[in-house]
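J.: As input, take target-v1.csv (CSV, C-alpha atoms and all ligand atoms):
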```csv
chain,number,residue,atom,x,y,z
A,25,MET,CA,-41.6,-0.5,-186.5
A,26,PRO,CA,-41.8,1.7,-189.7
A,27,GLU,CA,-45.2,3.2,-190.7
A,28,LYS,CA,-47.6,0.9,-192.4
A,29,VAL,CA,-48.2,2.2,-195.9
A,30,LEU,CA,-50.7,-0.4,-196.9
A,31,GLU,CA,-52.6,-3.1,-195.1
A,32,THR,CA,-55.3,-5.5,-196.2
A,33,LYS,CA,-57.6,-7.4,-193.8
A,34,ASN,CA,-59.3,-10.5,-195.1
A,35,LEU,CA,-59.5,-9.1,-198.6
A,36,SER,CA,-61.4,-11.4,-200.9
A,37,LYS,CA,-62.6,-11.2,-204.5
A,38,ARG,CA,-65.2,-13.5,-206.1
A,39,TYR,CA,-65.8,-13.8,-209.8
A,40,GLY,CA,-69.0,-15.7,-210.0
A,41,ARG,CA,-68.3,-19.1,-208.5
A,42,GLN,CA,-64.6,-18.6,-208.4
A,43,LEU,CA,-62.9,-17.2,-205.3
A,44,ALA,CA,-59.9,-15.5,-207.0
A,45,VAL,CA,-58.5,-13.9,-203.8
A,46,LYS,CA,-59.2,-15.5,-200.3
A,47,ASP,CA,-58.9,-13.6,-197.0
A,48,LEU,CA,-55.7,-11.8,-198.0
A,49,ASN,CA,-53.8,-10.2,-195.0
A,50,MET,CA,-50.9,-8.2,-196.5
A,51,THR,CA,-48.8,-5.5,-194.9
A,52,ILE,CA,-46.4,-3.1,-196.7
A,53,TYR,CA,-44.2,-0.9,-194.6
A,54,LYS,CA,-42.7,2.5,-195.5
A,55,GLY,CA,-39.5,2.1,-197.5
A,56,ASP,CA,-40.3,-1.5,-198.6
A,57,ILE,CA,-39.8,-2.8,-202.1
A,58,TYR,CA,-42.4,-5.5,-201.8
A,59,GLY,CA,-42.1,-8.3,-204.3
A,60,PHE,CA,-45.5,-9.9,-204.9
A,61,ILE,CA,-45.0,-13.4,-206.3
A,62,GLY,CA,-47.4,-15.9,-207.8
A,63,GLU,CA,-47.8,-18.2,-210.7
A,64,ASN,CA,-50.1,-17.3,-213.6
A,65,GLY,CA,-53.6,-16.9,-212.4
A,66,ALA,CA,-52.6,-16.8,-208.7
A,67,GLY,CA,-54.6,-13.6,-208.3
A,68,LYS,CA,-51.9,-10.9,-208.2
A,69,SER,CA,-53.5,-8.6,-210.8
A,70,THR,CA,-56.9,-9.0,-209.0
A,71,VAL,CA,-55.2,-7.9,-205.7
A,72,LEU,CA,-53.5,-4.9,-207.4
A,73,ARG,CA,-56.8,-3.9,-209.1
A,74,MET,CA,-58.6,-4.0,-205.7
A,75,LEU,CA,-55.8,-1.9,-204.1
A,76,THR,CA,-55.9,0.7,-206.8
A,77,GLY,CA,-59.7,0.9,-206.9
A,78,LEU,CA,-60.1,-0.6,-210.4
A,79,THR,CA,-62.1,-3.5,-208.9
A,80,LYS,CA,-64.3,-3.6,-205.8
A,81,PRO,CA,-63.5,-6.3,-203.2
A,82,SER,CA,-66.2,-8.8,-202.5
A,83,SER,CA,-65.3,-8.5,-198.8
A,84,GLY,CA,-62.5,-7.4,-196.5
A,85,GLU,CA,-60.8,-4.0,-196.2
A,86,VAL,CA,-57.8,-2.0,-197.4
A,87,SER,CA,-56.1,0.7,-195.3
A,88,PHE,CA,-53.7,3.2,-196.7
A,89,PHE,CA,-51.3,5.0,-194.4
A,90,GLY,CA,-53.1,3.6,-191.3
A,91,SER,CA,-56.6,4.6,-192.2
A,92,THR,CA,-59.6,2.7,-193.6
A,93,LYS,CA,-62.0,5.7,-193.5
A,94,HIS,CA,-63.4,6.5,-196.9
A,95,LYS,CA,-62.7,10.3,-196.5
A,96,ASP,CA,-59.0,9.6,-195.7
A,97,ARG,CA,-58.9,6.9,-198.3
A,98,VAL,CA,-59.6,9.2,-201.2
A,99,GLU,CA,-56.9,11.6,-200.0
A,100,ASN,CA,-54.4,8.8,-199.2
A,101,GLN,CA,-55.0,7.0,-202.5
A,102,LYS,CA,-53.6,10.2,-204.1
A,103,ARG,CA,-50.3,9.3,-202.4
A,104,MET,CA,-50.3,6.1,-204.5
A,105,SER,CA,-49.6,5.7,-208.1
A,106,ALA,CA,-50.0,2.6,-210.2
A,107,LEU,CA,-49.0,1.0,-213.4
A,108,VAL,CA,-51.5,-1.8,-213.6
A,109,ASP,CA,-53.1,-1.1,-216.9
A,110,ALA,CA,-50.3,0.8,-218.7
A,111,PRO,CA,-51.3,4.3,-219.8
A,112,SER,CA,-51.6,4.7,-223.6
A,113,PHE,CA,-49.4,7.3,-225.1
A,114,TYR,CA,-50.0,9.2,-228.4
A,115,PRO,CA,-47.5,8.0,-230.9
A,116,ASN,CA,-47.2,11.3,-232.8
A,117,MET,CA,-46.7,13.3,-229.6
A,118,SER,CA,-43.4,13.8,-227.9
A,119,ALA,CA,-42.6,12.4,-224.4
A,120,LYS,CA,-43.1,15.8,-222.9
A,121,GLN,CA,-46.4,16.5,-224.8
A,122,ASN,CA,-47.7,13.1,-223.7
A,123,LEU,CA,-46.9,13.8,-220.0
A,124,GLU,CA,-48.3,17.3,-220.3
A,125,TYR,CA,-51.5,15.8,-221.6
A,126,TYR,CA,-51.8,13.5,-218.6
A,127,ARG,CA,-50.8,16.4,-216.2
A,128,LEU,CA,-53.8,18.4,-217.4
A,129,GLN,CA,-56.1,15.4,-217.5
A,130,ARG,CA,-55.2,14.5,-213.9
A,131,GLY,CA,-55.5,18.2,-212.8
A,132,ILE,CA,-51.9,18.5,-211.6
A,133,LEU,CA,-51.2,22.2,-211.3
A,134,GLU,CA,-47.4,22.2,-211.1
A,135,LYS,CA,-46.1,22.4,-214.7
A,136,GLU,CA,-42.6,21.7,-213.6
A,137,LEU,CA,-43.5,18.2,-212.6
A,138,VAL,CA,-43.5,17.1,-216.2
A,139,MET,CA,-39.8,17.8,-216.8
A,140,GLU,CA,-38.9,16.8,-213.2
A,141,SER,CA,-40.4,13.3,-213.9
A,142,LEU,CA,-38.6,13.0,-217.2
A,143,GLU,CA,-35.3,13.9,-215.6
A,144,LYS,CA,-35.9,11.3,-212.8
A,145,VAL,CA,-36.3,8.5,-215.3
A,146,GLY,CA,-33.4,9.7,-217.5
A,147,LEU,CA,-35.5,10.9,-220.4
A,148,ALA,CA,-35.0,14.6,-220.2
A,149,THR,CA,-32.7,14.6,-223.2
A,150,HIS,CA,-35.3,12.7,-225.2
A,151,SER,CA,-38.3,14.9,-224.1
A,152,LYS,CA,-38.9,16.2,-227.6
A,153,LYS,CA,-38.7,12.8,-229.3
A,154,LYS,CA,-42.0,11.3,-230.6
A,155,PHE,CA,-43.3,8.4,-228.6
A,156,LYS,CA,-43.4,6.2,-231.7
A,157,HIS,CA,-39.6,6.4,-232.0
A,158,PHE,CA,-39.1,5.2,-228.4
A,159,SER,CA,-37.5,1.8,-227.7
A,160,LEU,CA,-39.4,-0.5,-225.4
A,161,GLY,CA,-37.2,0.4,-222.5
A,162,MET,CA,-37.8,4.1,-223.1
A,163,LYS,CA,-41.5,3.5,-223.3
A,164,GLN,CA,-41.4,1.7,-220.0
A,165,ARG,CA,-39.4,4.6,-218.4
A,166,LEU,CA,-42.0,7.1,-219.8
A,167,ALA,CA,-44.7,5.0,-218.1
A,168,LEU,CA,-42.7,5.3,-214.9
A,169,ALA,CA,-42.4,9.0,-215.4
A,170,TYR,CA,-46.2,9.1,-215.6
A,171,THR,CA,-46.5,7.3,-212.3
A,172,ILE,CA,-44.1,9.5,-210.4
A,173,MET,CA,-45.5,12.8,-211.7
A,174,GLU,CA,-47.5,13.4,-208.5
A,175,ARG,CA,-44.5,12.5,-206.3
A,176,PRO,CA,-46.3,9.5,-204.8
A,177,ASP,CA,-45.2,7.7,-201.6
A,178,LEU,CA,-46.3,4.3,-202.9
A,179,ILE,CA,-45.9,3.0,-206.5
A,180,VAL,CA,-47.6,-0.2,-207.7
A,181,LEU,CA,-46.0,-1.8,-210.7
A,182,ASP,CA,-47.4,-4.9,-212.5
A,183,GLU,CA,-44.7,-6.7,-214.4
A,184,PRO,CA,-42.5,-3.6,-215.0
A,185,ILE,CA,-39.7,-5.3,-216.9
A,186,ASN,CA,-41.8,-7.6,-219.1
A,187,GLY,CA,-40.3,-7.8,-222.6
A,188,LEU,CA,-37.3,-5.6,-221.8
A,189,ASP,CA,-33.8,-6.5,-223.0
A,190,PRO,CA,-31.0,-6.9,-220.3
A,191,ALA,CA,-30.0,-3.2,-220.7
A,192,GLY,CA,-33.6,-2.0,-220.3
A,193,ILE,CA,-34.0,-4.3,-217.2
A,194,ILE,CA,-30.9,-2.8,-215.6
A,195,GLN,CA,-32.2,0.8,-216.2
A,196,ILE,CA,-35.6,0.0,-214.6
A,197,ARG,CA,-33.9,-1.7,-211.7
A,198,GLU,CA,-31.6,1.2,-211.0
A,199,LEU,CA,-34.5,3.6,-211.3
A,200,ILE,CA,-36.6,1.7,-208.8
A,201,LEU,CA,-33.6,1.6,-206.4
A,202,GLU,CA,-32.9,5.3,-206.9
A,203,LEU,CA,-36.6,6.3,-206.3
A,204,ASN,CA,-36.6,4.1,-203.2
A,205,GLN,CA,-33.3,5.1,-201.7
A,206,LYS,CA,-33.2,8.8,-202.7
A,207,HIS,CA,-36.8,9.8,-202.8
A,208,HIS,CA,-38.1,7.3,-200.2
A,209,VAL,CA,-40.7,5.8,-202.5
A,210,THR,CA,-42.3,2.5,-201.3
A,211,PHE,CA,-42.9,-0.1,-204.1
A,212,LEU,CA,-45.3,-3.0,-204.6
A,213,ILE,CA,-44.0,-5.0,-207.6
A,214,THR,CA,-45.2,-8.1,-209.3
A,215,SER,CA,-42.8,-10.0,-211.5
A,216,HIS,CA,-42.3,-13.5,-212.8
A,217,LEU,CA,-38.6,-12.8,-213.2
A,218,LEU,CA,-37.7,-13.8,-209.7
A,219,ALA,CA,-33.9,-13.6,-210.0
A,220,GLU,CA,-34.4,-9.9,-211.1
A,221,LEU,CA,-36.9,-9.2,-208.3
A,222,ALA,CA,-34.5,-10.6,-205.8
A,223,GLN,CA,-32.0,-7.9,-206.7
A,224,VAL,CA,-34.3,-5.1,-205.5
A,225,ALA,CA,-37.0,-6.5,-203.1
A,226,THR,CA,-36.8,-6.0,-199.3
A,227,ALA,CA,-39.9,-8.0,-198.6
A,228,TYR,CA,-42.0,-10.7,-200.3
A,229,GLY,CA,-45.5,-12.0,-200.4
A,230,PHE,CA,-46.1,-15.4,-202.0
A,231,LEU,CA,-49.5,-15.9,-203.4
A,232,GLN,CA,-51.0,-19.2,-204.7
A,233,HIS,CA,-54.6,-19.7,-205.9
A,234,GLY,CA,-55.6,-16.5,-204.2
A,235,VAL,CA,-54.1,-17.5,-200.8
A,236,LEU,CA,-51.1,-15.6,-199.3
A,237,LEU,CA,-48.9,-18.5,-198.3
A,238,GLU,CA,-46.2,-16.4,-196.6
A,239,GLU,CA,-45.1,-12.9,-196.1
A,240,ILE,CA,-41.4,-12.5,-195.3
A,241,THR,CA,-38.7,-9.8,-195.2
A,242,LYS,CA,-35.6,-10.3,-197.3
A,243,LYS,CA,-33.5,-10.6,-194.1
A,244,GLU,CA,-35.7,-13.4,-192.8
A,245,LEU,CA,-35.7,-15.1,-196.1
A,246,ASP,CA,-31.9,-14.9,-196.4
A,247,LYS,CA,-31.6,-16.7,-193.1
A,248,LYS,CA,-34.0,-19.5,-194.3
A,249,LEU,CA,-32.4,-20.1,-197.6
A,250,LEU,CA,-30.5,-23.4,-197.4
A,251,THR,CA,-26.9,-23.9,-198.3
A,252,LYS,CA,-25.7,-27.1,-199.9
A,253,ILE,CA,-22.2,-28.4,-200.5
A,254,LYS,CA,-21.9,-30.5,-203.7
A,255,ILE,CA,-19.0,-32.9,-204.0
A,256,PHE,CA,-18.2,-34.9,-207.2
A,257,VAL,CA,-15.9,-37.8,-206.6
A,258,GLU,CA,-14.7,-41.0,-208.4
A,259,ASP,CA,-14.8,-43.4,-205.4
A,260,ILE,CA,-18.1,-42.8,-203.8
A,261,THR,CA,-17.8,-45.5,-201.2
A,262,ALA,CA,-14.4,-44.2,-199.9
A,263,ALA,CA,-15.7,-40.6,-200.0
A,264,THR,CA,-18.9,-41.3,-198.0
A,265,THR,CA,-17.0,-43.4,-195.4
A,266,THR,CA,-14.5,-40.5,-195.0
A,267,LEU,CA,-17.2,-37.9,-194.9
A,268,GLU,CA,-18.9,-39.7,-192.0
A,269,LEU,CA,-15.8,-39.0,-189.9
A,270,ILE,CA,-16.9,-35.3,-189.7
A,271,CYS,CA,-20.5,-35.2,-190.8
A,272,ASP,CA,-23.5,-37.2,-189.7
A,273,ALA,CA,-24.7,-39.5,-192.5
A,274,SER,CA,-28.3,-38.1,-192.1
A,275,LEU,CA,-27.0,-34.7,-193.4
A,276,PHE,CA,-25.8,-35.9,-196.8
A,277,GLU,CA,-27.2,-37.9,-199.6
A,278,VAL,CA,-25.6,-39.7,-202.5
A,279,ARG,CA,-26.8,-39.1,-206.1
A,280,ASN,CA,-25.8,-40.8,-209.3
A,281,HIS,CA,-22.9,-42.8,-207.8
A,282,TYR,CA,-20.5,-39.9,-208.0
A,283,GLU,CA,-22.2,-36.9,-206.4
A,284,ILE,CA,-22.6,-36.1,-202.6
A,285,VAL,CA,-24.9,-33.4,-201.5
A,286,VAL,CA,-24.4,-32.1,-197.9
A,287,GLN,CA,-27.5,-30.2,-196.7
A,288,ASN,CA,-27.1,-27.0,-194.6
A,289,PRO,CA,-23.6,-28.0,-193.6
A,290,HIS,CA,-21.9,-27.2,-190.3
A,291,ILE,CA,-18.6,-28.0,-192.0
A,292,SER,CA,-16.9,-25.9,-194.6
A,293,ILE,CA,-15.6,-26.7,-198.1
A,294,GLU,CA,-12.1,-26.2,-196.8
A,295,GLU,CA,-12.5,-28.8,-194.0
A,296,ILE,CA,-14.0,-31.4,-196.5
A,297,SER,CA,-11.2,-30.7,-199.1
A,298,ARG,CA,-8.5,-31.0,-196.4
A,299,LEU,CA,-9.9,-34.3,-195.1
A,300,PHE,CA,-10.3,-35.8,-198.6
A,301,PHE,CA,-6.7,-34.7,-199.5
A,302,GLU,CA,-5.4,-36.4,-196.3
A,303,LYS,CA,-7.3,-39.6,-197.1
A,304,ARG,CA,-6.2,-39.4,-200.8
A,305,ILE,CA,-9.7,-39.2,-202.2
A,306,TYR,CA,-9.8,-37.6,-205.6
A,307,VAL,CA,-12.3,-34.7,-205.7
A,308,GLN,CA,-13.4,-33.7,-209.2
A,309,LYS,CA,-15.4,-30.7,-208.2
A,310,ILE,CA,-16.6,-29.2,-204.9
A,311,TYR,CA,-18.8,-26.1,-204.5
A,312,GLU,CA,-21.4,-24.4,-202.4
A,313,GLU,CA,-24.9,-23.8,-203.7
A,314,ILE,CA,-27.3,-21.4,-202.0
A,315,GLU,CA,-31.0,-21.8,-202.5
A,316,THR,CA,-32.6,-19.1,-204.6
A,317,LEU,CA,-35.8,-17.2,-204.3
A,318,GLU,CA,-37.1,-19.3,-207.1
A,319,THR,CA,-36.4,-22.6,-205.5
A,320,TYR,CA,-37.8,-21.3,-202.2
A,321,PHE,CA,-41.0,-20.2,-203.9
A,322,ASN,CA,-41.3,-23.6,-205.7
A,323,GLN,CA,-40.8,-25.5,-202.5
A,324,LEU,CA,-43.3,-23.4,-200.7
A,325,THR,CA,-46.0,-23.8,-203.3
A,326,ASP,CA,-45.3,-27.6,-203.7
A,327,ALA,CA,-45.6,-28.0,-199.9
A,328,ALA,CA,-48.9,-26.1,-199.9
A,329,LYS,CA,-50.2,-28.4,-202.7
A,330,GLY,CA,-49.1,-31.4,-200.6
A,331,ARG,CA,-50.9,-30.1,-197.5
A,332,ASP,CA,-54.0,-29.3,-199.5
A,333,VAL,CA,-54.3,-25.9,-197.9
A,334,LEU,CA,-55.6,-24.3,-201.2
A,401,LIG,N1,-62.7,-10.0,-214.7
A,401,LIG,C1,-62.6,-11.3,-214.4
A,401,LIG,N2,-63.7,-12.1,-214.5
A,401,LIG,C2,-63.6,-13.4,-214.2
A,401,LIG,N3,-62.5,-14.0,-213.8
A,401,LIG,C3,-61.4,-13.3,-213.6
A,401,LIG,C4,-61.4,-11.9,-214.0
A,401,LIG,N4,-60.1,-11.4,-213.7
A,401,LIG,C5,-59.4,-12.5,-213.3
A,401,LIG,N5,-60.2,-13.6,-213.2
A,401,LIG,C6,-59.7,-14.9,-212.8
A,401,LIG,O1,-59.1,-14.8,-211.5
A,401,LIG,C7,-58.0,-15.6,-211.3
A,401,LIG,C8,-56.8,-14.7,-210.9
A,401,LIG,O2,-56.5,-13.9,-212.1
A,401,LIG,P1,-55.3,-12.7,-212.0
A,401,LIG,O3,-55.3,-12.1,-213.4
A,401,LIG,O4,-55.6,-11.9,-210.8
A,401,LIG,O5,-54.0,-13.6,-211.8
A,401,LIG,P2,-52.5,-13.2,-211.9
A,401,LIG,O6,-51.8,-13.7,-210.7
A,401,LIG,O7,-52.4,-11.7,-212.1
A,401,LIG,O8,-52.1,-13.9,-213.2
A,401,LIG,P3,-50.9,-13.5,-214.3
A,401,LIG,O9,-49.6,-13.7,-213.6
A,401,LIG,O10,-51.2,-14.5,-215.4
A,401,LIG,O11,-51.2,-12.1,-214.7
A,401,LIG,C9,-57.8,-16.3,-212.6
A,401,LIG,O12,-58.3,-17.6,-212.5
A,401,LIG,C10,-58.6,-15.5,-213.6
A,401,LIG,O13,-59.1,-16.3,-214.7
```
Show how you would write the structure in this file as structure tokens.

T.:
Amino acid sequence: MPEKVLETKNLSKRYGRQLAVKDLNMTIYKGDIYGFIGENGAGKSTVLRMLTGLTKPSSGEVSFFGSTKHKDRVENQKRMSALVDAPSFYPNMSAKQNLEYYRLQRGILEKELVMESLEKVGLATHSKKKFKHFSLGMKQRLALAYTIMERPDLIVLDEPINGLDPAGIIQIRELILELNQKHHVTFLITSHLLAELAQVATAYGFLQHGVLLEEITKKELDKKLLTKIKIFVEDITAATTTLELICDASLFEVRNHYEIVVQNPHISIEEISRLFFEKRIYVQKIYEEIETLETYFNQLTDAAKGRDVL
């Protein structure tokens, strides 16, 4: 098992009467890109603020790199860098001057880390450009340069691609993957853009009303995501009677008098097409649909509401 970079035990946060985070047990392993998912108000930012020391937990504990001791925690917290409340940059200063300012403010001695960080985020050639002339994507990359200046082992990002255009999203995605794969940085990322998160995440935590519903690796999730075969036909009666020759009726359902949905099929599209061809059943369309991270998350949260676990 890889090293645990971060672990929480029964972490809770109360704001007055409201319990915003309830007994959170979360584990992030070295090398993970951990996608932290939840609807608005689920408690994600509150968790990130507790992890980064911006808010004190009401109860429970956090351990970094296997230690909960306060002495170690101060040291270990230095191995983590976070973009929860984005740093404010000076508009009339260049990218380099802005980072230089933060280097001095954070007491980082190595001067070379400023240019090294700008290079890693692809801004070296724009180092002299004033911040006010940066595009949103460039501003976001500069914020990332700020987080990687101390060569952290863990980076926490709250909604890193919010407001970016498709090109900006791709740049941030590639940067995260590069830092993870080349420089072995572990990430904890929140995002509402699940399709995008699914392109980088290696593990997920699903949060609802402050409760962690499930923690799962990408590998485990991929195995759980259901596959469906959708078949569109003209003669639904003939089609269902024929389908029953190779598939139990409990495994498919008929929708709208022309659509058949086969759940988690043990038969292939080719088998169904061949059979329908032999029986002269006209198929308008047939295709496979794999459940997405988004549908999985929606089902998980709907089921939790139904079980009243929240
Ligand atoms: N400082 C605060 N004082 C009182 N209540 C707060 C405070 N911060 C957050 N809350 C409440 O705690 C709950 C969780 O909020 P939080 O911002 O952590 O959710 P979130 O998952 O980050 O939401 P979003 O996706 O909208 O950013 C919300 O009901 C919010 O109103």

J.: Which chains and residue numbers are within 10 Å of ligand LIG 401 (chain A), counting all atoms listed in the file, if I want them as a PyMOL selection string?

T.: chain A and resi 37-45+60-74+79+182-183+214-216+231-234

J.: With a distance cut-off of 12 Å and all atoms listed in the file, select the neighbouring residues of segment 257-259 of chain A, excluding the residue or stretch itself and same-chain residues fewer than 2 positions from it, and output the selection as JSON, numbers by chain.

T.: {"A": [254, 255, 261, 262, 263, 264, 265, 266, 267, 278, 279, 280, 281, 282, 283, 284, 285, 297, 300, 303, 304, 305, 306, 307, 308, 309, 310]}

J.: Between atom CA of Asp246 of chain A and atom CA of His290 of chain A, what is the distance in Å, rounded to a tenth?

T.: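 Rounded to one decimal, the two atoms are 17.0 Å apart.
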
J.: If we count only C-alpha atoms, what is near Ala110 of chain A at a cut-off of 12 Å, once residues fewer than 4 positions away on the same chain are taken out, given as a list of chain:residue names?

T.: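 These residues fall inside the cut-off: A:Ser105, A:Ala106, A:Lys163, A:Gln164, A:Arg165, A:Leu166, A:Ala167, A:Leu168, A:Ala169, A:Tyr170, A:Thr171, A:Val180, A:Leu181, A:Asp182, A:Glu183, A:Pro184, A:Asn186.
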
J.: Next, the residues of the selection above should be written as a compact mmCIF listing (two decimals), keeping the file's coordinate frame with C-alpha atoms.

T.:
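What follows is the written file result-v8.txt:
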```txt
# COMPACT_ATOMS: atom_id res chain seq x y z
CA SER A 105 -49.60 5.70 -208.10
CA ALA A 106 -50.00 2.60 -210.20
CA LYS A 163 -41.50 3.50 -223.30
CA GLN A 164 -41.40 1.70 -220.00
CA ARG A 165 -39.40 4.60 -218.40
CA LEU A 166 -42.00 7.10 -219.80
CA ALA A 167 -44.70 5.00 -218.10
CA LEU A 168 -42.70 5.30 -214.90
CA ALA A 169 -42.40 9.00 -215.40
CA TYR A 170 -46.20 9.10 -215.60
CA THR A 171 -46.50 7.30 -212.30
CA VAL A 180 -47.60 -0.20 -207.70
CA LEU A 181 -46.00 -1.80 -210.70
CA ASP A 182 -47.40 -4.90 -212.50
CA GLU A 183 -44.70 -6.70 -214.40
CA PRO A 184 -42.50 -3.60 -215.00
CA ASN A 186 -41.80 -7.60 -219.10
```

J.: Could you tell me which of A:Phe211, A:Phe256, A:Phe158, A:Tyr114 comes closest to Tyr53 of chain A if we count all atoms listed in the file?

T.: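 Among A:Phe211, A:Phe256, A:Phe158, A:Tyr114, it is A:Phe211 that comes nearest to Tyr53 of chain A.
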
J.: Calculated over only C-alpha atoms, which of the candidates A:Gly55, A:Gly77, A:Gly84, A:Gly229 has the smallest distance to Asn34 of chain A?

T.: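 Closest to Asn34 of chain A of all the choices is A:Gly84.
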
J.: Give me, as JSON, numbers by chain, all polymer residues having an atom no more than 12 Å from Ser159 of chain A, counting only C-alpha atoms and skipping those fewer than 4 positions away in the same chain.

T.: {"A": [147, 150, 153, 154, 155, 163, 164, 165, 166, 187, 188, 189, 191, 192]}

J.: Expressed in Å to a single decimal, how great is the separation between atom CA of Ser83 of chain A and atom CA of Lys102 of chain A?

T.: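 Atom CA of Lys102 of chain A lies at a distance of 22.7 Å from atom CA of Ser83 of chain A.
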
J.: Could you state the separation of atom CA of Thr51 of chain A and atom CA of Lys248 of chain A in Å, given to one decimal place?

T.: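 A separation of 20.4 Å between them.
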
J.: How would segment 244-255 of chain A read, as an mmCIF file, in the coordinates of the input, once N, CA and C atoms are built in?

T.:
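Listing of result_30.cif after writing:
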```
data_model
loop_
_atom_site.group_PDB
_atom_site.id
_atom_site.type_symbol
_atom_site.label_atom_id
_atom_site.label_comp_id
_atom_site.auth_asym_id
_atom_site.auth_seq_id
_atom_site.Cartn_x
_atom_site.Cartn_y
_atom_site.Cartn_z
ATOM 1 N N GLU A 244 -35.203 -12.098 -193.281
ATOM 2 C CA GLU A 244 -35.700 -13.400 -192.800
ATOM 3 C C GLU A 244 -35.495 -14.483 -193.814
ATOM 4 N N LEU A 245 -35.780 -14.127 -195.058
ATOM 5 C CA LEU A 245 -35.700 -15.100 -196.100
ATOM 6 C C LEU A 245 -34.213 -15.571 -196.287
ATOM 7 N N ASP A 246 -33.299 -14.602 -196.270
ATOM 8 C CA ASP A 246 -31.900 -14.900 -196.400
ATOM 9 C C ASP A 246 -31.432 -15.957 -195.378
ATOM 10 N N LYS A 247 -31.984 -15.807 -194.155
ATOM 11 C CA LYS A 247 -31.600 -16.700 -193.100
ATOM 12 C C LYS A 247 -32.194 -18.139 -193.366
ATOM 13 N N LYS A 248 -33.364 -18.163 -194.043
ATOM 14 C CA LYS A 248 -34.000 -19.500 -194.300
ATOM 15 C C LYS A 248 -33.481 -20.200 -195.505
ATOM 16 N N LEU A 249 -32.846 -19.438 -196.416
ATOM 17 C CA LEU A 249 -32.400 -20.100 -197.600
ATOM 18 C C LEU A 249 -31.282 -21.084 -197.292
ATOM 19 N N LEU A 250 -31.462 -22.311 -197.731
ATOM 20 C CA LEU A 250 -30.500 -23.400 -197.400
ATOM 21 C C LEU A 250 -29.286 -23.344 -198.212
ATOM 22 N N THR A 251 -28.195 -23.760 -197.577
ATOM 23 C CA THR A 251 -26.900 -23.900 -198.300
ATOM 24 C C THR A 251 -26.654 -25.366 -198.477
ATOM 25 N N LYS A 252 -26.080 -25.696 -199.617
ATOM 26 C CA LYS A 252 -25.700 -27.100 -199.900
ATOM 27 C C LYS A 252 -24.239 -27.087 -200.305
ATOM 28 N N ILE A 253 -23.512 -28.158 -199.944
ATOM 29 C CA ILE A 253 -22.200 -28.400 -200.500
ATOM 30 C C ILE A 253 -22.306 -29.543 -201.475
ATOM 31 N N LYS A 254 -21.888 -29.359 -202.720
ATOM 32 C CA LYS A 254 -21.900 -30.500 -203.700
ATOM 33 C C LYS A 254 -20.526 -30.948 -203.951
ATOM 34 N N ILE A 255 -20.334 -32.270 -203.826
ATOM 35 C CA ILE A 255 -19.000 -32.900 -204.000
ATOM 36 C C ILE A 255 -19.099 -33.928 -205.097
#
```
